[in-house]
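Content type mmCIF, C-alpha atoms, from the file entry00.cif:
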data_data
#
loop_
_atom_site.group_PDB
_atom_site.id
_atom_site.type_symbol
_atom_site.label_atom_id
_atom_site.label_comp_id
_atom_site.auth_asym_id
_atom_site.auth_seq_id
_atom_site.Cartn_x
_atom_site.Cartn_y
_atom_site.Cartn_z
ATOM 1 C CA MET A 1 1.094 27.234 -0.243
ATOM 2 C CA GLY A 2 1.509 23.475 -0.759
ATOM 3 C CA SER A 3 4.471 21.287 -0.050
ATOM 4 C CA LYS A 4 5.850 18.196 -1.754
ATOM 5 C CA ILE A 5 6.356 14.774 -0.270
ATOM 6 C CA GLU A 6 8.043 11.748 -1.761
ATOM 7 C CA ILE A 7 6.203 8.432 -1.648
ATOM 8 C CA LYS A 8 8.389 5.426 -2.338
ATOM 9 C CA ALA A 9 7.030 2.098 -3.491
ATOM 10 C CA ARG A 10 9.570 -0.507 -2.364
ATOM 11 C CA LEU A 11 10.589 -3.278 -4.704
ATOM 12 C CA ASN A 12 8.019 -6.041 -4.175
ATOM 13 C CA GLY A 13 6.738 -4.194 -1.096
ATOM 14 C CA PRO A 14 4.559 -1.416 0.323
ATOM 15 C CA TYR A 15 4.227 2.292 -0.347
ATOM 16 C CA LEU A 16 6.306 4.223 2.189
ATOM 17 C CA VAL A 17 4.918 7.626 3.144
ATOM 18 C CA PRO A 18 7.160 9.862 5.266
ATOM 19 C CA GLY A 19 5.972 11.598 8.421
ATOM 20 C CA GLN A 20 2.989 11.311 10.701
ATOM 21 C CA ALA A 21 -0.525 11.351 9.313
ATOM 22 C CA THR A 22 -3.988 11.887 10.714
ATOM 23 C CA TYR A 23 -6.637 9.670 9.176
ATOM 24 C CA THR A 24 -10.246 8.643 9.742
ATOM 25 C CA ASP A 25 -11.138 4.947 9.882
ATOM 26 C CA ALA A 26 -14.275 3.310 8.457
ATOM 27 C CA GLN A 27 -16.135 3.884 11.748
ATOM 28 C CA GLY A 28 -15.407 7.630 11.654
ATOM 29 C CA ASN A 29 -12.720 7.565 14.378
ATOM 30 C CA THR A 30 -9.737 9.862 13.885
ATOM 31 C CA HIS A 31 -6.238 8.504 14.526
ATOM 32 C CA THR A 32 -2.721 9.923 14.259
ATOM 33 C CA SER A 33 0.017 7.567 13.183
ATOM 34 C CA GLU A 34 3.098 7.086 15.290
ATOM 35 C CA GLY A 35 6.654 6.998 13.993
ATOM 36 C CA LYS A 36 8.446 8.593 11.084
ATOM 37 C CA MET A 37 6.984 6.533 8.243
ATOM 38 C CA ILE A 38 3.711 4.896 7.214
ATOM 39 C CA ALA A 39 3.764 1.670 5.177
ATOM 40 C CA LEU A 40 0.660 1.261 3.013
ATOM 41 C CA CYS A 41 -0.359 -2.064 1.469
ATOM 42 C CA ARG A 42 0.296 -2.396 -2.242
ATOM 43 C CA CYS A 43 -0.313 -6.138 -2.671
ATOM 44 C CA GLY A 44 -3.945 -6.191 -1.523
ATOM 45 C CA HIS A 45 -3.468 -9.045 0.957
ATOM 46 C CA SER A 46 -2.929 -7.163 4.242
ATOM 47 C CA ALA A 47 -5.295 -8.021 7.071
ATOM 48 C CA ASN A 48 -4.718 -4.475 8.359
ATOM 49 C CA LYS A 49 -5.582 -2.460 5.219
ATOM 50 C CA PRO A 50 -4.687 0.159 4.262
ATOM 51 C CA PHE A 51 -1.527 -0.532 6.262
ATOM 52 C CA CYS A 52 1.076 -3.126 5.337
ATOM 53 C CA ASP A 53 1.332 -6.195 7.573
ATOM 54 C CA GLY A 54 4.045 -7.999 5.595
ATOM 55 C CA SER A 55 1.629 -10.200 3.619
ATOM 56 C CA HIS A 56 3.422 -9.272 0.381
ATOM 57 C CA LYS A 57 6.241 -11.623 1.426
ATOM 58 C CA LYS A 58 3.886 -14.585 1.966
ATOM 59 C CA VAL A 59 2.126 -14.154 -1.384
ATOM 60 C CA GLU A 60 5.391 -13.391 -3.220
ATOM 61 C CA PHE A 61 4.042 -10.060 -4.479
ATOM 62 C CA GLN A 62 6.123 -8.598 -7.294
ATOM 63 C CA ALA A 63 6.125 -4.976 -8.401
ATOM 64 C CA PRO A 64 8.800 -2.456 -9.364
ATOM 65 C CA GLU A 65 10.301 0.174 -7.105
ATOM 66 C CA VAL A 66 8.711 3.552 -7.843
ATOM 67 C CA VAL A 67 9.195 7.046 -6.447
ATOM 68 C CA LEU A 68 6.285 9.507 -6.631
ATOM 69 C CA GLN A 69 6.514 13.247 -6.018
ATOM 70 C CA VAL A 70 3.195 14.452 -4.581
ATOM 71 C CA SER A 71 2.102 18.028 -3.986
ATOM 72 C CA VAL A 72 0.115 18.485 -0.779
ATOM 73 C CA GLU A 73 -2.072 21.517 -0.267
ATOM 74 C CA SER A 74 -2.330 22.923 3.221
ATOM 75 C CA SER A 75 -5.850 23.012 4.702
ATOM 76 C CA GLU A 76 -4.956 25.755 7.170
#
structure tokens encoding of this file:
Amino acid sequence: MGSKIEIKARLNGPYLVPGQATYTDAQGNTHTSEGKMIALCRCGHSANKPFCDGSHKKVEFQAPEVVLQVSVESSE
């Protein structure tokens, strides 16, 4: 059975995804994030894509705050 997560797009800022995540980088290496939240770039200017590095502030990125409800299917 799947679960739901809430992804928040901050006003003029990144997507915030709750919880830890395991992801594979472009070289095929698997990583697990640390902390309770992942900030993903929404402005397109981050030097650390897909993660936010604060570049949205420098480029004065503007976008509305949005909350998305996403269903996640378990792979177990």
Problem set entry | Which residue of A:Cys52, A:Val59, A:Leu68, A:Met37 approaches Ala21 of chain A most closely, using all atoms listed in the file |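 Of A:Cys52, A:Val59, A:Leu68, A:Met37, the one nearest Ala21 of chain A, counting all atoms listed in the file, is A:Met37.
Compared by their closest atoms to Gly35 of chain A, and using only C-alpha atoms, the residues A:Pro50, A:Lys58, A:Pro18, A:Val70 rank with A:Pro18 nearest.
Here atom CA of Leu40 of chain A and atom CA of Ala9 of chain A stand 9.1 Å from one another.
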For this session: Using all atoms listed in the file, determine which residues lie at most 12 Å from Thr24 of chain A, disregarding the query and same-chain residues fewer than 6 positions distant; provide the list as a ChimeraX atom specification.
Result: /A:30-33,50
Could you write those residues out with C-alpha atoms, as a PDB file, in the coordinates of the input?
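Below is the file out-v6.pdb, written as the result:
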ATOM      1  CA  THR A  30      -9.737   9.862  13.885  1.00  0.00           C
ATOM      2  CA  HIS A  31      -6.238   8.504  14.526  1.00  0.00           C
ATOM      3  CA  THR A  32      -2.721   9.923  14.259  1.00  0.00           C
ATOM      4  CA  SER A  33       0.017   7.567  13.183  1.00  0.00           C
ATOM      5  CA  PRO A  50      -4.687   0.159   4.262  1.00  0.00           C
TER       6      PRO A  50
END
Give the centre and edge lengths of an axis-aligned box, in Å to one decimal, that holds all listed atoms of segment 12-23 of chain A with 8 Å on each side, as JSON.
{"center_x": 0.7, "center_y": 2.9, "center_z": 3.3, "size_x": 30.7, "size_y": 33.9, "size_z": 30.9}
Exercise. In Å, with one decimal, what is the gap from atom CA of Glu6 of chain A to atom CA of Lys57 of chain A?
Worked result: 23.7 Å
Problem set entry | Nearest candidate to His56 of chain A (options A:Val17, A:Lys8, A:Cys41, A:Gln69; using only C-alpha atoms) | A:Cys41
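Each of A:Glu73, A:Tyr23, A:Cys43, A:Lys49 was compared to Leu11 of chain A using all atoms listed in the file, and A:Cys43 turns out to be the nearest.
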For this session: Go through A:Ile5, A:Phe61, A:Asp25, A:Gly19 and flag the residue nearest Gly44 of chain A, using all atoms listed in the file for the distances.
Result: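 Counting all atoms listed in the file, the residue closest to Gly44 of chain A is A:Phe61.
Picture a line from atom CA of Ser46 of chain A to atom CA of Gln62 of chain A; it runs 14.7 Å.
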Problem set entry | Residue with smallest distance to Pro64 of chain A - pool A:Gly28, A:Glu34, A:Arg42, A:Gly2, counting all atoms listed in the file |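 Distance minimum relative to Pro64 of chain A lands on A:Arg42.
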Could you state which residues are captured by the PyMOL selection byres ((chain A and resi 71) around 6) in this file, as a short mmCIF file (atom, residue, chain, number, x, y, z; two decimals) with C-alpha atoms, in the frame of the given file?
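File produced: expr.cif:
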data_model
loop_
_atom_site.label_atom_id
_atom_site.label_comp_id
_atom_site.auth_asym_id
_atom_site.auth_seq_id
_atom_site.Cartn_x
_atom_site.Cartn_y
_atom_site.Cartn_z
CA SER A 3 4.47 21.29 -0.05
CA LYS A 4 5.85 18.20 -1.75
CA VAL A 70 3.20 14.45 -4.58
CA VAL A 72 0.12 18.48 -0.78
#
Would you mind completing segment 43-67 of chain A so that it carries N, CA and C atoms, and writing it out as an mmCIF file, in the frame of the given file?
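See rebuild_19.cif below for the written result:
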data_model
loop_
_atom_site.group_PDB
_atom_site.id
_atom_site.type_symbol
_atom_site.label_atom_id
_atom_site.label_comp_id
_atom_site.auth_asym_id
_atom_site.auth_seq_id
_atom_site.Cartn_x
_atom_site.Cartn_y
_atom_site.Cartn_z
ATOM 1 N N CYS A 43 -0.043 -4.810 -2.112
ATOM 2 C CA CYS A 43 -0.313 -6.138 -2.671
ATOM 3 C C CYS A 43 -1.791 -6.521 -2.590
ATOM 4 N N GLY A 44 -2.537 -5.889 -1.678
ATOM 5 C CA GLY A 44 -3.945 -6.191 -1.523
ATOM 6 C C GLY A 44 -4.257 -7.333 -0.567
ATOM 7 N N HIS A 45 -3.253 -7.894 0.088
ATOM 8 C CA HIS A 45 -3.468 -9.045 0.957
ATOM 9 C C HIS A 45 -3.364 -8.732 2.455
ATOM 10 N N SER A 46 -3.078 -7.510 2.828
ATOM 11 C CA SER A 46 -2.929 -7.163 4.242
ATOM 12 C C SER A 46 -4.235 -7.361 5.004
ATOM 13 N N ALA A 47 -4.128 -7.891 6.196
ATOM 14 C CA ALA A 47 -5.295 -8.021 7.071
ATOM 15 C C ALA A 47 -5.541 -6.719 7.820
ATOM 16 N N ASN A 48 -4.650 -5.747 7.645
ATOM 17 C CA ASN A 48 -4.718 -4.475 8.359
ATOM 18 C C ASN A 48 -4.780 -3.311 7.368
ATOM 19 N N LYS A 49 -5.497 -3.496 6.248
ATOM 20 C CA LYS A 49 -5.582 -2.460 5.219
ATOM 21 C C LYS A 49 -6.076 -1.149 5.804
ATOM 22 N N PRO A 50 -5.582 -0.037 5.396
ATOM 23 C CA PRO A 50 -4.687 0.159 4.262
ATOM 24 C C PRO A 50 -3.208 -0.022 4.605
ATOM 25 N N PHE A 51 -2.916 -0.430 5.826
ATOM 26 C CA PHE A 51 -1.527 -0.532 6.262
ATOM 27 C C PHE A 51 -0.929 -1.888 5.904
ATOM 28 N N CYS A 52 0.353 -1.907 5.670
ATOM 29 C CA CYS A 52 1.076 -3.126 5.337
ATOM 30 C C CYS A 52 1.275 -3.973 6.599
ATOM 31 N N ASP A 53 1.062 -5.273 6.461
ATOM 32 C CA ASP A 53 1.332 -6.195 7.573
ATOM 33 C C ASP A 53 2.364 -7.260 7.184
ATOM 34 N N GLY A 54 3.025 -7.064 6.050
ATOM 35 C CA GLY A 54 4.045 -7.999 5.595
ATOM 36 C C GLY A 54 3.514 -9.126 4.728
ATOM 37 N N SER A 55 2.222 -9.129 4.419
ATOM 38 C CA SER A 55 1.629 -10.200 3.619
ATOM 39 C C SER A 55 2.250 -10.322 2.235
ATOM 40 N N HIS A 56 2.816 -9.231 1.720
ATOM 41 C CA HIS A 56 3.422 -9.272 0.381
ATOM 42 C C HIS A 56 4.522 -10.329 0.291
ATOM 43 N N LYS A 57 5.185 -10.597 1.412
ATOM 44 C CA LYS A 57 6.241 -11.623 1.426
ATOM 45 C C LYS A 57 5.639 -13.021 1.291
ATOM 46 N N LYS A 58 4.534 -13.264 1.986
ATOM 47 C CA LYS A 58 3.886 -14.585 1.966
ATOM 48 C C LYS A 58 3.314 -14.926 0.587
ATOM 49 N N VAL A 59 2.763 -13.916 -0.084
ATOM 50 C CA VAL A 59 2.126 -14.154 -1.384
ATOM 51 C C VAL A 59 3.084 -13.924 -2.545
ATOM 52 N N GLU A 60 4.345 -13.630 -2.215
ATOM 53 C CA GLU A 60 5.391 -13.391 -3.220
ATOM 54 C C GLU A 60 4.991 -12.307 -4.221
ATOM 55 N N PHE A 61 4.441 -11.215 -3.671
ATOM 56 C CA PHE A 61 4.042 -10.060 -4.479
ATOM 57 C C PHE A 61 5.244 -9.508 -5.232
ATOM 58 N N GLN A 62 5.046 -9.164 -6.505
ATOM 59 C CA GLN A 62 6.123 -8.598 -7.294
ATOM 60 C C GLN A 62 5.647 -7.329 -7.973
ATOM 61 N N ALA A 63 6.414 -6.261 -7.778
ATOM 62 C CA ALA A 63 6.125 -4.976 -8.401
ATOM 63 C C ALA A 63 7.402 -4.145 -8.359
ATOM 64 N N PRO A 64 7.566 -3.246 -9.312
ATOM 65 C CA PRO A 64 8.800 -2.456 -9.364
ATOM 66 C C PRO A 64 8.875 -1.405 -8.265
ATOM 67 N N GLU A 65 10.087 -0.954 -8.014
ATOM 68 C CA GLU A 65 10.301 0.174 -7.105
ATOM 69 C C GLU A 65 9.925 1.443 -7.861
ATOM 70 N N VAL A 66 9.185 2.322 -7.218
ATOM 71 C CA VAL A 66 8.711 3.552 -7.843
ATOM 72 C C VAL A 66 8.835 4.681 -6.832
ATOM 73 N N VAL A 67 9.164 5.868 -7.309
ATOM 74 C CA VAL A 67 9.195 7.046 -6.447
ATOM 75 C C VAL A 67 8.227 8.065 -7.034
#
